[in-house]
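What follows is the content of run.cif, which has mmCIF, C-alpha atoms:
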data_my_file
loop_
_atom_site.group_PDB
_atom_site.id
_atom_site.type_symbol
_atom_site.label_atom_id
_atom_site.label_comp_id
_atom_site.auth_asym_id
_atom_site.auth_seq_id
_atom_site.Cartn_x
_atom_site.Cartn_y
_atom_site.Cartn_z
ATOM 1 C CA MET A 1 -40.646 65.076 -32.111
ATOM 2 C CA SER A 2 -43.780 66.519 -30.567
ATOM 3 C CA ASP A 3 -45.797 64.619 -27.974
ATOM 4 C CA ALA A 4 -48.849 64.813 -30.241
ATOM 5 C CA LYS A 5 -47.134 62.754 -32.952
ATOM 6 C CA TRP A 6 -46.378 59.964 -30.481
ATOM 7 C CA VAL A 7 -49.961 60.020 -29.205
ATOM 8 C CA ASP A 8 -51.395 60.011 -32.739
ATOM 9 C CA ALA A 9 -49.121 57.166 -33.814
ATOM 10 C CA ILE A 10 -50.051 55.032 -30.803
ATOM 11 C CA SER A 11 -53.765 55.777 -31.208
ATOM 12 C CA TRP A 12 -53.610 54.693 -34.837
ATOM 13 C CA ALA A 13 -51.516 51.604 -34.058
ATOM 14 C CA LEU A 14 -54.056 50.406 -31.501
ATOM 15 C CA THR A 15 -56.725 50.285 -34.227
ATOM 16 C CA GLN A 16 -54.612 48.013 -36.454
ATOM 17 C CA THR A 17 -53.989 44.268 -36.737
ATOM 18 C CA ASN A 18 -50.719 42.403 -37.244
ATOM 19 C CA GLY A 19 -49.799 40.040 -40.081
ATOM 20 C CA LEU A 20 -51.701 37.231 -38.369
ATOM 21 C CA GLY A 21 -54.879 39.310 -38.168
ATOM 22 C CA GLU A 22 -54.530 39.814 -34.401
ATOM 23 C CA LYS A 23 -55.458 43.177 -32.913
ATOM 24 C CA ILE A 24 -52.523 45.339 -31.854
ATOM 25 C CA THR A 25 -52.482 45.776 -28.071
ATOM 26 C CA VAL A 26 -50.325 47.502 -25.484
ATOM 27 C CA GLU A 27 -49.380 44.104 -24.060
ATOM 28 C CA VAL A 28 -47.555 42.883 -27.206
ATOM 29 C CA HIS A 29 -44.754 45.421 -27.304
ATOM 30 C CA HIS A 30 -43.080 44.513 -30.616
ATOM 31 C CA GLY A 31 -46.417 44.550 -32.460
ATOM 32 C CA LEU A 32 -47.202 48.021 -31.125
ATOM 33 C CA VAL A 33 -43.744 49.430 -31.900
ATOM 34 C CA ASP A 34 -43.847 48.013 -35.444
ATOM 35 C CA LYS A 35 -47.136 49.786 -36.107
ATOM 36 C CA VAL A 36 -46.016 53.074 -34.552
ATOM 37 C CA ARG A 37 -42.999 52.954 -36.856
ATOM 38 C CA GLU A 38 -45.276 52.222 -39.816
ATOM 39 C CA TYR A 39 -47.336 55.316 -38.942
ATOM 40 C CA PHE A 40 -44.194 57.461 -38.894
ATOM 41 C CA ASN A 41 -43.103 56.077 -42.269
ATOM 42 C CA VAL A 42 -46.473 56.550 -43.934
ATOM 43 C CA ASN A 43 -46.783 60.123 -42.633
ATOM 44 C CA ASP A 44 -43.166 61.107 -43.446
ATOM 45 C CA ILE A 45 -42.332 61.743 -39.798
ATOM 46 C CA GLU A 46 -38.607 61.595 -39.078
ATOM 47 C CA TYR A 47 -37.501 59.565 -36.066
ATOM 48 C CA ASP A 48 -34.426 58.053 -34.445
ATOM 49 C CA THR A 49 -34.063 54.596 -32.960
ATOM 50 C CA PHE A 50 -36.742 54.121 -30.304
ATOM 51 C CA SER A 51 -38.212 51.318 -28.249
ATOM 52 C CA TYR A 52 -41.332 50.395 -26.306
ATOM 53 C CA GLU A 53 -39.910 52.266 -23.312
ATOM 54 C CA ASP A 54 -40.160 55.530 -25.277
ATOM 55 C CA LEU A 55 -43.885 54.940 -25.836
ATOM 56 C CA ILE A 56 -44.756 54.481 -22.169
ATOM 57 C CA PRO A 57 -45.421 58.187 -21.353
ATOM 58 C CA TYR A 58 -47.911 58.374 -24.227
ATOM 59 C CA LEU A 59 -49.858 55.159 -23.708
ATOM 60 C CA PRO A 60 -53.590 55.458 -23.001
ATOM 61 C CA GLN A 61 -54.409 55.199 -19.289
ATOM 62 C CA MET B 1 -64.018 -10.266 38.314
ATOM 63 C CA SER B 2 -63.728 -9.674 34.601
ATOM 64 C CA GLY B 3 -61.441 -7.238 32.654
ATOM 65 C CA TYR B 4 -64.426 -5.348 31.314
ATOM 66 C CA PRO B 5 -65.693 -2.028 32.742
ATOM 67 C CA PRO B 6 -69.275 -1.567 33.920
ATOM 68 C CA ILE B 7 -71.698 -1.323 31.029
ATOM 69 C CA PRO B 8 -72.685 2.329 30.493
ATOM 70 C CA ARG B 9 -76.381 2.910 30.245
ATOM 71 C CA ASP B 10 -78.681 5.754 29.144
ATOM 72 C CA PRO B 11 -81.147 7.409 31.608
ATOM 73 C CA SER B 12 -83.749 4.757 30.813
ATOM 74 C CA GLY B 13 -81.317 1.967 31.718
ATOM 75 C CA ALA B 14 -80.722 0.741 28.184
ATOM 76 C CA PRO B 15 -77.096 -0.303 27.601
ATOM 77 C CA LEU B 16 -74.969 1.948 25.417
ATOM 78 C CA PRO B 17 -72.547 0.504 22.881
ATOM 79 C CA VAL B 18 -68.856 0.926 23.689
ATOM 80 C CA VAL B 19 -65.720 0.819 21.541
ATOM 81 C CA TRP B 20 -62.020 0.582 22.398
ATOM 82 C CA ASP B 21 -60.183 3.897 21.943
ATOM 83 C CA ASP B 22 -56.578 3.091 21.143
ATOM 84 C CA GLY B 23 -55.438 6.650 21.802
ATOM 85 C CA LEU B 24 -57.012 6.789 25.274
ATOM 86 C CA GLN B 25 -56.256 3.103 25.943
ATOM 87 C CA SER B 26 -59.740 2.614 27.393
ATOM 88 C CA TRP B 27 -63.322 1.842 26.442
ATOM 89 C CA LYS B 28 -65.627 4.700 25.488
ATOM 90 C CA VAL B 29 -69.259 5.139 24.497
ATOM 91 C CA TYR B 30 -69.697 4.658 20.756
ATOM 92 C CA GLU B 31 -71.088 7.896 19.289
ATOM 93 C CA GLY B 32 -71.742 6.731 15.746
ATOM 94 C CA LEU B 33 -70.143 7.516 12.403
ATOM 95 C CA MET B 34 -70.944 11.243 12.228
ATOM 96 C CA PRO B 35 -67.410 12.560 12.785
ATOM 97 C CA LEU B 36 -66.009 10.186 10.155
ATOM 98 C CA GLU B 37 -68.751 11.078 7.705
ATOM 99 C CA THR B 38 -68.051 14.769 8.291
ATOM 100 C CA LYS B 39 -64.355 14.219 7.577
ATOM 101 C CA LEU B 40 -65.157 12.268 4.426
ATOM 102 C CA ALA B 41 -67.458 15.048 3.234
ATOM 103 C CA ALA B 42 -64.678 17.610 3.753
ATOM 104 C CA ILE B 43 -62.180 15.456 1.807
ATOM 105 C CA GLU B 44 -64.681 14.961 -0.987
ATOM 106 C CA SER B 45 -65.247 18.724 -1.165
ATOM 107 C CA LYS B 46 -61.490 19.341 -1.461
ATOM 108 C CA LEU B 47 -61.140 16.712 -4.189
ATOM 109 C CA LEU B 48 -63.976 18.293 -6.167
ATOM 110 C CA ALA B 49 -62.334 21.737 -5.902
ATOM 111 C CA LEU B 50 -58.985 20.289 -7.079
ATOM 112 C CA ASP B 51 -60.688 18.449 -9.941
ATOM 113 C CA SER B 52 -62.330 21.712 -11.016
ATOM 114 C CA LYS B 53 -58.939 23.497 -11.062
ATOM 115 C CA PHE B 54 -57.428 20.868 -13.359
ATOM 116 C CA ALA B 55 -60.488 20.945 -15.605
ATOM 117 C CA ASP B 56 -60.387 24.731 -16.195
ATOM 118 C CA GLY B 57 -56.588 24.865 -16.558
ATOM 119 C CA SER B 58 -55.992 27.303 -13.690
ATOM 120 C CA ALA B 59 -53.756 24.793 -11.873
ATOM 121 C CA LYS B 60 -51.465 24.563 -14.906
ATOM 122 C CA VAL B 61 -51.236 28.369 -15.274
ATOM 123 C CA ALA B 62 -50.316 28.753 -11.627
ATOM 124 C CA LEU B 63 -47.501 26.217 -11.959
ATOM 125 C CA SER B 64 -45.848 27.727 -15.050
ATOM 126 C CA GLY B 65 -46.312 31.256 -13.705
ATOM 127 C CA THR B 66 -44.399 30.342 -10.588
ATOM 128 C CA ASN B 67 -41.458 28.584 -12.214
ATOM 129 C CA VAL B 68 -40.624 30.575 -15.342
ATOM 130 C CA GLU B 69 -40.185 34.328 -15.773
ATOM 131 C CA ILE B 70 -39.616 36.437 -18.895
ATOM 132 C CA VAL B 71 -36.838 39.021 -18.716
ATOM 133 C CA LYS B 72 -36.692 41.708 -21.429
ATOM 134 C CA ILE B 73 -33.163 42.375 -22.664
ATOM 135 C CA PHE B 74 -34.206 44.424 -25.709
ATOM 136 C CA ASP B 75 -37.836 45.539 -25.519
ATOM 137 C CA ALA B 76 -39.096 46.184 -29.068
ATOM 138 C CA VAL B 77 -36.265 48.373 -30.346
ATOM 139 C CA ALA B 78 -37.025 50.047 -33.686
ATOM 140 C CA ILE B 79 -33.447 50.296 -34.976
ATOM 141 C CA THR B 80 -32.784 52.943 -37.633
ATOM 142 C CA THR B 81 -28.976 52.820 -38.026
ATOM 143 C CA THR B 82 -26.015 50.482 -38.477
ATOM 144 C CA SER B 83 -24.478 51.602 -35.172
ATOM 145 C CA SER B 84 -24.003 49.058 -32.390
ATOM 146 C CA ILE B 85 -26.739 49.143 -29.785
ATOM 147 C CA SER B 86 -26.042 47.755 -26.327
ATOM 148 C CA SER B 87 -28.554 46.524 -23.780
ATOM 149 C CA ASN B 88 -28.234 47.160 -20.056
ATOM 150 C CA LEU B 89 -26.331 44.591 -18.035
ATOM 151 C CA ILE B 90 -29.077 42.226 -16.946
ATOM 152 C CA SER B 91 -28.735 40.154 -13.774
ATOM 153 C CA LEU B 92 -29.908 36.572 -14.244
ATOM 154 C CA ASN B 93 -28.786 35.343 -10.832
ATOM 155 C CA ARG B 94 -32.232 34.218 -9.774
ATOM 156 C CA TYR B 95 -32.474 31.720 -12.625
ATOM 157 C CA LYS B 96 -31.090 28.212 -12.749
ATOM 158 C CA THR B 97 -31.220 27.960 -16.539
ATOM 159 C CA GLY B 98 -33.045 29.668 -19.346
ATOM 160 C CA THR B 99 -33.518 30.248 -23.040
ATOM 161 C CA PHE B 100 -32.648 33.385 -25.015
ATOM 162 C CA VAL B 101 -35.477 34.132 -27.447
ATOM 163 C CA LEU B 102 -35.234 36.743 -30.202
ATOM 164 C CA TYR B 103 -38.042 38.274 -32.266
ATOM 165 C CA HIS B 104 -37.291 40.649 -35.096
ATOM 166 C CA THR B 105 -39.110 42.155 -38.020
ATOM 167 C CA LEU B 106 -36.350 44.533 -39.118
ATOM 168 C CA GLY B 107 -36.034 42.990 -42.576
ATOM 169 C CA VAL B 108 -32.204 43.128 -42.561
ATOM 170 C CA GLU B 109 -29.370 40.859 -41.412
ATOM 171 C CA LEU B 110 -28.198 41.391 -37.835
ATOM 172 C CA GLU B 111 -25.099 40.567 -35.820
ATOM 173 C CA LEU B 112 -25.514 39.944 -32.127
ATOM 174 C CA TYR B 113 -23.031 39.025 -29.421
ATOM 175 C CA PRO B 114 -23.167 38.615 -25.632
ATOM 176 C CA GLN B 115 -20.920 40.048 -22.935
ATOM 177 C CA PHE B 116 -20.942 38.147 -19.660
ATOM 178 C CA GLY B 117 -20.391 40.054 -16.414
ATOM 179 C CA SER B 118 -19.689 43.755 -16.078
ATOM 180 C CA THR B 119 -15.970 44.240 -16.764
ATOM 181 C CA LEU B 120 -13.884 41.509 -18.392
ATOM 182 C CA ASN B 121 -14.111 40.368 -21.992
ATOM 183 C CA SER B 122 -15.325 36.810 -22.481
ATOM 184 C CA TYR B 123 -13.491 34.427 -24.790
ATOM 185 C CA ILE B 124 -14.886 31.310 -26.384
ATOM 186 C CA HIS B 125 -13.102 28.532 -28.264
ATOM 187 C CA VAL B 126 -14.141 28.590 -31.935
ATOM 188 C CA ASN B 127 -12.517 26.601 -34.755
ATOM 189 C CA GLY B 128 -9.306 25.916 -32.816
ATOM 190 C CA GLU B 129 -8.725 29.392 -31.377
ATOM 191 C CA TRP B 130 -9.885 31.600 -28.521
ATOM 192 C CA LYS B 131 -11.953 34.551 -29.664
ATOM 193 C CA SER B 132 -13.627 37.453 -27.893
ATOM 194 C CA THR B 133 -17.394 37.165 -28.159
ATOM 195 C CA GLN B 134 -17.237 40.496 -29.994
ATOM 196 C CA VAL B 135 -15.562 38.829 -32.992
ATOM 197 C CA ALA B 136 -17.722 35.701 -32.802
ATOM 198 C CA PRO B 137 -21.178 37.203 -33.361
ATOM 199 C CA ILE B 138 -24.392 35.340 -33.978
ATOM 200 C CA THR B 139 -25.703 36.203 -37.434
ATOM 201 C CA ILE B 140 -29.467 36.576 -37.625
ATOM 202 C CA PRO B 141 -31.004 36.440 -41.093
ATOM 203 C CA PRO B 142 -33.451 39.103 -42.290
ATOM 204 C CA ARG B 143 -37.010 38.600 -41.152
ATOM 205 C CA ASP B 144 -40.104 40.666 -41.768
ATOM 206 C CA SER B 145 -42.750 38.492 -40.183
ATOM 207 C CA GLU B 146 -43.260 37.470 -36.588
ATOM 208 C CA GLY B 147 -41.498 34.361 -35.306
ATOM 209 C CA ARG B 148 -39.130 33.311 -32.543
ATOM 210 C CA ILE B 149 -35.434 32.503 -32.916
ATOM 211 C CA MET B 150 -34.193 30.279 -30.077
ATOM 212 C CA LEU B 151 -30.594 31.420 -29.574
ATOM 213 C CA ASN B 152 -29.691 28.487 -27.311
ATOM 214 C CA THR B 153 -29.597 26.292 -30.415
ATOM 215 C CA HIS B 154 -26.719 28.307 -31.932
ATOM 216 C CA PRO B 155 -23.691 25.951 -32.168
ATOM 217 C CA THR B 156 -21.151 28.503 -30.868
ATOM 218 C CA TYR B 157 -23.079 29.549 -27.785
ATOM 219 C CA LYS B 158 -25.405 26.660 -26.980
ATOM 220 C CA ASP B 159 -23.299 25.328 -24.080
ATOM 221 C CA VAL B 160 -22.798 28.761 -22.494
ATOM 222 C CA PHE B 161 -26.405 29.872 -22.912
ATOM 223 C CA SER B 162 -27.891 26.634 -21.643
ATOM 224 C CA SER B 163 -25.776 26.261 -18.498
ATOM 225 C CA GLY B 164 -27.018 29.282 -16.518
ATOM 226 C CA VAL B 165 -25.627 32.815 -16.769
ATOM 227 C CA PRO B 166 -25.125 35.210 -13.794
ATOM 228 C CA SER B 167 -25.434 38.392 -15.853
ATOM 229 C CA VAL B 168 -25.355 39.363 -19.506
ATOM 230 C CA ARG B 169 -25.387 42.312 -21.850
ATOM 231 C CA PHE B 170 -26.109 41.940 -25.572
ATOM 232 C CA VAL B 171 -24.840 44.133 -28.375
ATOM 233 C CA VAL B 172 -26.658 44.173 -31.706
ATOM 234 C CA ARG B 173 -25.786 45.761 -35.033
ATOM 235 C CA ALA B 174 -27.802 45.850 -38.239
ATOM 236 C CA LYS B 175 -25.784 45.211 -41.409
ATOM 237 C CA THR B 176 -27.844 47.817 -43.265
ATOM 238 C CA ALA B 177 -30.066 50.493 -41.752
ATOM 239 C CA PRO B 178 -33.554 49.057 -41.162
ATOM 240 C CA THR B 179 -36.538 51.108 -42.313
ATOM 241 C CA SER B 180 -39.260 49.100 -40.577
ATOM 242 C CA GLY B 181 -39.862 46.658 -37.751
ATOM 243 C CA SER B 182 -38.278 46.127 -34.347
ATOM 244 C CA LEU B 183 -36.137 43.755 -32.301
ATOM 245 C CA THR B 184 -37.005 42.062 -29.012
ATOM 246 C CA LEU B 185 -34.703 39.799 -27.012
ATOM 247 C CA GLU B 186 -36.059 37.918 -24.007
ATOM 248 C CA TYR B 187 -34.681 35.462 -21.474
ATOM 249 C CA TRP B 188 -37.109 32.777 -20.373
ATOM 250 C CA GLY B 189 -35.613 31.990 -16.989
ATOM 251 C CA SER B 190 -36.320 28.971 -14.829
ATOM 252 C CA ILE B 191 -36.268 30.162 -11.210
ATOM 253 C CA ARG B 192 -33.787 28.446 -8.866
#

Before we go any further, please render this structure as structure tokens.
Amino acid sequence: MSDAKWVDAISWALTQTNGLGEKITVEVHHGLVDKVREYFNVNDIEYDTFSYEDLIPYLPQ
Amino acid sequence: MSGYPPIPRDPSGAPLPVVWDDGLQSWKVYEGLMPLETKLAAIESKLLALDSKFADGSAKVALSGTNVEIVKIFDAVAITTTSSISSNLISLNRYKTGTFVLYHTLGVELELYPQFGSTLNSYIHVNGEWKSTQVAPITIPPRDSEGRIMLNTHPTYKDVFSSGVPSVRFVVRAKTAPTSGSLTLEYWGSIR
């Protein structure tokens, strides 16, 4: 998968809220990963098993 | 001849008050309450600072931050298959006891089992026989909303999990391939 897709997914995820209405942040790892996965699903982007660790290189500084 | 020393006087000849100094074992000129008042003021200042810490909660945060640490065993793993996924071997030596806490939003049933130490299999006594932990998994029901599952309450593993563990690796397997969500497993360790 290209780096741009990871960056786009994370950027989108960080504008979202979770099921409790709380803003998605970098600090709550499972919330961020869930939303990144949702972005991949919605945009028909294929992916393998991944974790928060895989997002680290693409997180905003 | 009396046991009292000569009365000290100021330059004008007026007598000065004296007090017995127990530390010096002699009489000395009384210099007033200033030193004691200064000490009291310092104590009062410290008490006010302490009171302020309790009022704003910072004292409580400092205490819990020092005694309990969170160790990530699985850090938000978005599982896509039914293959077994193993964590690293995590050292928990610095903790006296702790609680294993699982979050998952994968929406499917999971099986999870621990391996203690780096080499040997671990066996536990279940329903009258010894079983490898691999064939005595913890079944986690499907979940698709956030919530914590406290693994120490599981009847098979509660004694082992709650007594302190030197090192552990967990293996997880989804019964059907998840299409959304993730899995996080933490250890809330109480430092020795």

- Please identify every residue of chain A that has at least one atom no more than 12 Å from any atom of chain B, counting all atoms listed in the file, and report them as a ChimeraX atom specification. /A:18-22,26-42,46-56

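Taking CA of Ile138 (chain B) as the reference point, CA of Gly98 (chain B) is found at 17.9 Å.
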
Written as a compact mmCIF listing (two decimals) with C-alpha atoms, keeping the file's coordinate frame, which residues does the PyMOL selection byres ((chain B and resi 190) around 12) give for the file shown?
# COMPACT_ATOMS: atom_id res chain seq x y z
CA LEU B 63 -47.50 26.22 -11.96
CA SER B 64 -45.85 27.73 -15.05
CA GLY B 65 -46.31 31.26 -13.70
CA THR B 66 -44.40 30.34 -10.59
CA ASN B 67 -41.46 28.58 -12.21
CA VAL B 68 -40.62 30.58 -15.34
CA GLU B 69 -40.18 34.33 -15.77
CA ILE B 70 -39.62 36.44 -18.90
CA VAL B 71 -36.84 39.02 -18.72
CA LEU B 92 -29.91 36.57 -14.24
CA ASN B 93 -28.79 35.34 -10.83
CA ARG B 94 -32.23 34.22 -9.77
CA TYR B 95 -32.47 31.72 -12.62
CA LYS B 96 -31.09 28.21 -12.75
CA THR B 97 -31.22 27.96 -16.54
CA GLY B 98 -33.04 29.67 -19.35
CA THR B 99 -33.52 30.25 -23.04
CA PHE B 100 -32.65 33.38 -25.02
CA SER B 162 -27.89 26.63 -21.64
CA SER B 163 -25.78 26.26 -18.50
CA GLY B 164 -27.02 29.28 -16.52
CA VAL B 165 -25.63 32.82 -16.77
CA TYR B 187 -34.68 35.46 -21.47
CA TRP B 188 -37.11 32.78 -20.37
CA GLY B 189 -35.61 31.99 -16.99
CA ILE B 191 -36.27 30.16 -11.21
CA ARG B 192 -33.79 28.45 -8.87

- Query: Between CA of Met150 (chain B) and CA of Val126 (chain B), what is the spacing in Å?
  - Reply: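 CA of Val126 (chain B) sits 20.2 Å away from CA of Met150 (chain B).
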
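Across the model, the gap from CA of Leu89 (chain B) to CA of Glu186 (chain B) is 13.2 Å.
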
- Query: Hey, what's within 10 Å of Pro57 (chain A) if we count only C-alpha atoms and toss same-chain stuff fewer than 4 positions away? As a ChimeraX atom specification, please?
  - Reply: /A:3,6-7,53,61

- Query: So what does the PyMOL selection byres ((chain A and resi 14) around 8) actually pick up in this one, as a ChimeraX atom specification?
  - Reply: /A:10-13,15-16,23-26,32

Centre and size of axis-aligned box enclosing region 28-45 of chain A plus 5 Å each side, as JSON:
{"center_x": -44.9, "center_y": 52.3, "center_z": -35.6, "size_x": 15.2, "size_y": 28.9, "size_z": 26.7}

- Item | Test item: residues at most 9 Å from Thr176 (chain B), only C-alpha atoms, excluding those fewer than 4 positions along its chain, as a ChimeraX atom specification | /B:81-82,108-110

Selected residues written out with C-alpha atoms, as a compact mmCIF listing (two decimals), in the coordinates of the input:
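The new file result_23.txt reads:
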# COMPACT_ATOMS: atom_id res chain seq x y z
CA THR B 81 -28.98 52.82 -38.03
CA THR B 82 -26.02 50.48 -38.48
CA VAL B 108 -32.20 43.13 -42.56
CA GLU B 109 -29.37 40.86 -41.41
CA LEU B 110 -28.20 41.39 -37.84

Can you tell me which residues surround Val18 (chain B) at a distance of at most 9 Å, considering only C-alpha atoms, apart from same-chain residues fewer than 3 positions away, and format the answer as a PDB file with C-alpha atoms, keeping the file's coordinate frame?
ATOM      1  CA  ILE B   7     -71.698  -1.323  31.029  1.00  0.00           C
ATOM      2  CA  PRO B   8     -72.685   2.329  30.493  1.00  0.00           C
ATOM      3  CA  TRP B  27     -63.322   1.842  26.442  1.00  0.00           C
ATOM      4  CA  LYS B  28     -65.627   4.700  25.488  1.00  0.00           C
ATOM      5  CA  VAL B  29     -69.259   5.139  24.497  1.00  0.00           C
ATOM      6  CA  TYR B  30     -69.697   4.658  20.756  1.00  0.00           C
ATOM      7  CA  GLU B  31     -71.088   7.896  19.289  1.00  0.00           C
TER       8      GLU B  31
END

Save all heavy atoms of region 127-135 of chain B from the block above as a JSON list (two decimals), in the first residue's frame.
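Okay, this is what ended up in result05.json:
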[["chain", "number", "residue", "atom", "x", "y", "z"],
["B", 127, "ASN", "N", -11.01, -29.08, 34.97],
["B", 127, "ASN", "CA", -11.99, -30.17, 34.99],
["B", 127, "ASN", "C", -11.33, -31.54, 35.19],
["B", 127, "ASN", "O", -11.58, -32.50, 34.45],
["B", 127, "ASN", "CB", -12.81, -30.19, 33.68],
["B", 127, "ASN", "CG", -13.60, -28.91, 33.51],
["B", 127, "ASN", "OD1", -14.01, -28.29, 34.49],
["B", 127, "ASN", "ND2", -13.81, -28.50, 32.26],
["B", 128, "GLY", "N", -10.44, -31.64, 36.16],
["B", 128, "GLY", "CA", -9.85, -32.93, 36.53],
["B", 128, "GLY", "C", -8.68, -33.38, 35.69],
["B", 128, "GLY", "O", -8.19, -34.50, 35.89],
["B", 129, "GLU", "N", -8.21, -32.57, 34.75],
["B", 129, "GLU", "CA", -7.03, -32.99, 33.99],
["B", 129, "GLU", "C", -6.12, -31.81, 33.67],
["B", 129, "GLU", "O", -6.55, -30.66, 33.66],
["B", 129, "GLU", "CB", -7.45, -33.70, 32.69],
["B", 129, "GLU", "CG", -8.27, -32.85, 31.76],
["B", 129, "GLU", "CD", -8.57, -33.59, 30.44],
["B", 129, "GLU", "OE1", -7.65, -34.22, 29.89],
["B", 129, "GLU", "OE2", -9.72, -33.51, 29.99],
["B", 130, "TRP", "N", -4.83, -32.16, 33.45],
["B", 130, "TRP", "CA", -3.85, -31.13, 33.11],
["B", 130, "TRP", "C", -3.91, -30.85, 31.61],
["B", 130, "TRP", "O", -3.87, -31.77, 30.81],
["B", 130, "TRP", "CB", -2.44, -31.58, 33.49],
["B", 130, "TRP", "CG", -2.25, -31.62, 34.97],
["B", 130, "TRP", "CD1", -2.34, -32.70, 35.79],
["B", 130, "TRP", "CD2", -1.98, -30.50, 35.82],
["B", 130, "TRP", "NE1", -2.13, -32.33, 37.10],
["B", 130, "TRP", "CE2", -1.90, -30.98, 37.15],
["B", 130, "TRP", "CE3", -1.79, -29.13, 35.61],
["B", 130, "TRP", "CZ2", -1.64, -30.16, 38.24],
["B", 130, "TRP", "CZ3", -1.53, -28.31, 36.70],
["B", 130, "TRP", "CH2", -1.45, -28.83, 37.99],
["B", 131, "LYS", "N", -4.00, -29.57, 31.29],
["B", 131, "LYS", "CA", -4.10, -29.19, 29.87],
["B", 131, "LYS", "C", -3.09, -28.08, 29.57],
["B", 131, "LYS", "O", -2.86, -27.19, 30.40],
["B", 131, "LYS", "CB", -5.50, -28.65, 29.56],
["B", 131, "LYS", "CG", -6.59, -29.69, 29.59],
["B", 131, "LYS", "CD", -7.91, -29.06, 29.19],
["B", 131, "LYS", "CE", -9.01, -30.11, 29.11],
["B", 131, "LYS", "NZ", -10.31, -29.51, 28.78],
["B", 132, "SER", "N", -2.53, -28.13, 28.36],
["B", 132, "SER", "CA", -1.70, -27.01, 27.90],
["B", 132, "SER", "C", -2.61, -25.79, 27.78],
["B", 132, "SER", "O", -3.80, -25.92, 27.42],
["B", 132, "SER", "CB", -1.11, -27.37, 26.54],
["B", 132, "SER", "OG", -0.70, -26.19, 25.88],
["B", 133, "THR", "N", -2.06, -24.63, 28.04],
["B", 133, "THR", "CA", -2.88, -23.41, 27.91],
["B", 133, "THR", "C", -3.42, -23.27, 26.48],
["B", 133, "THR", "O", -4.48, -22.69, 26.28],
["B", 133, "THR", "CB", -2.07, -22.16, 28.28],
["B", 133, "THR", "OG1", -0.88, -22.10, 27.47],
["B", 133, "THR", "CG2", -1.68, -22.15, 29.74],
["B", 134, "GLN", "N", -2.68, -23.87, 25.53],
["B", 134, "GLN", "CA", -3.10, -23.77, 24.13],
["B", 134, "GLN", "C", -4.47, -24.42, 23.89],
["B", 134, "GLN", "O", -5.22, -23.97, 23.01],
["B", 134, "GLN", "CB", -2.05, -24.44, 23.24],
["B", 134, "GLN", "CG", -2.24, -24.22, 21.77],
["B", 134, "GLN", "CD", -1.05, -24.70, 20.96],
["B", 134, "GLN", "OE1", -0.02, -25.08, 21.52],
["B", 134, "GLN", "NE2", -1.19, -24.68, 19.66],
["B", 135, "VAL", "N", -4.78, -25.47, 24.66],
["B", 135, "VAL", "CA", -6.08, -26.14, 24.47],
["B", 135, "VAL", "C", -7.07, -25.74, 25.56],
["B", 135, "VAL", "O", -8.10, -26.38, 25.73],
["B", 135, "VAL", "CB", -5.92, -27.67, 24.40],
["B", 135, "VAL", "CG1", -5.14, -28.07, 23.17],
["B", 135, "VAL", "CG2", -5.27, -28.22, 25.66]]
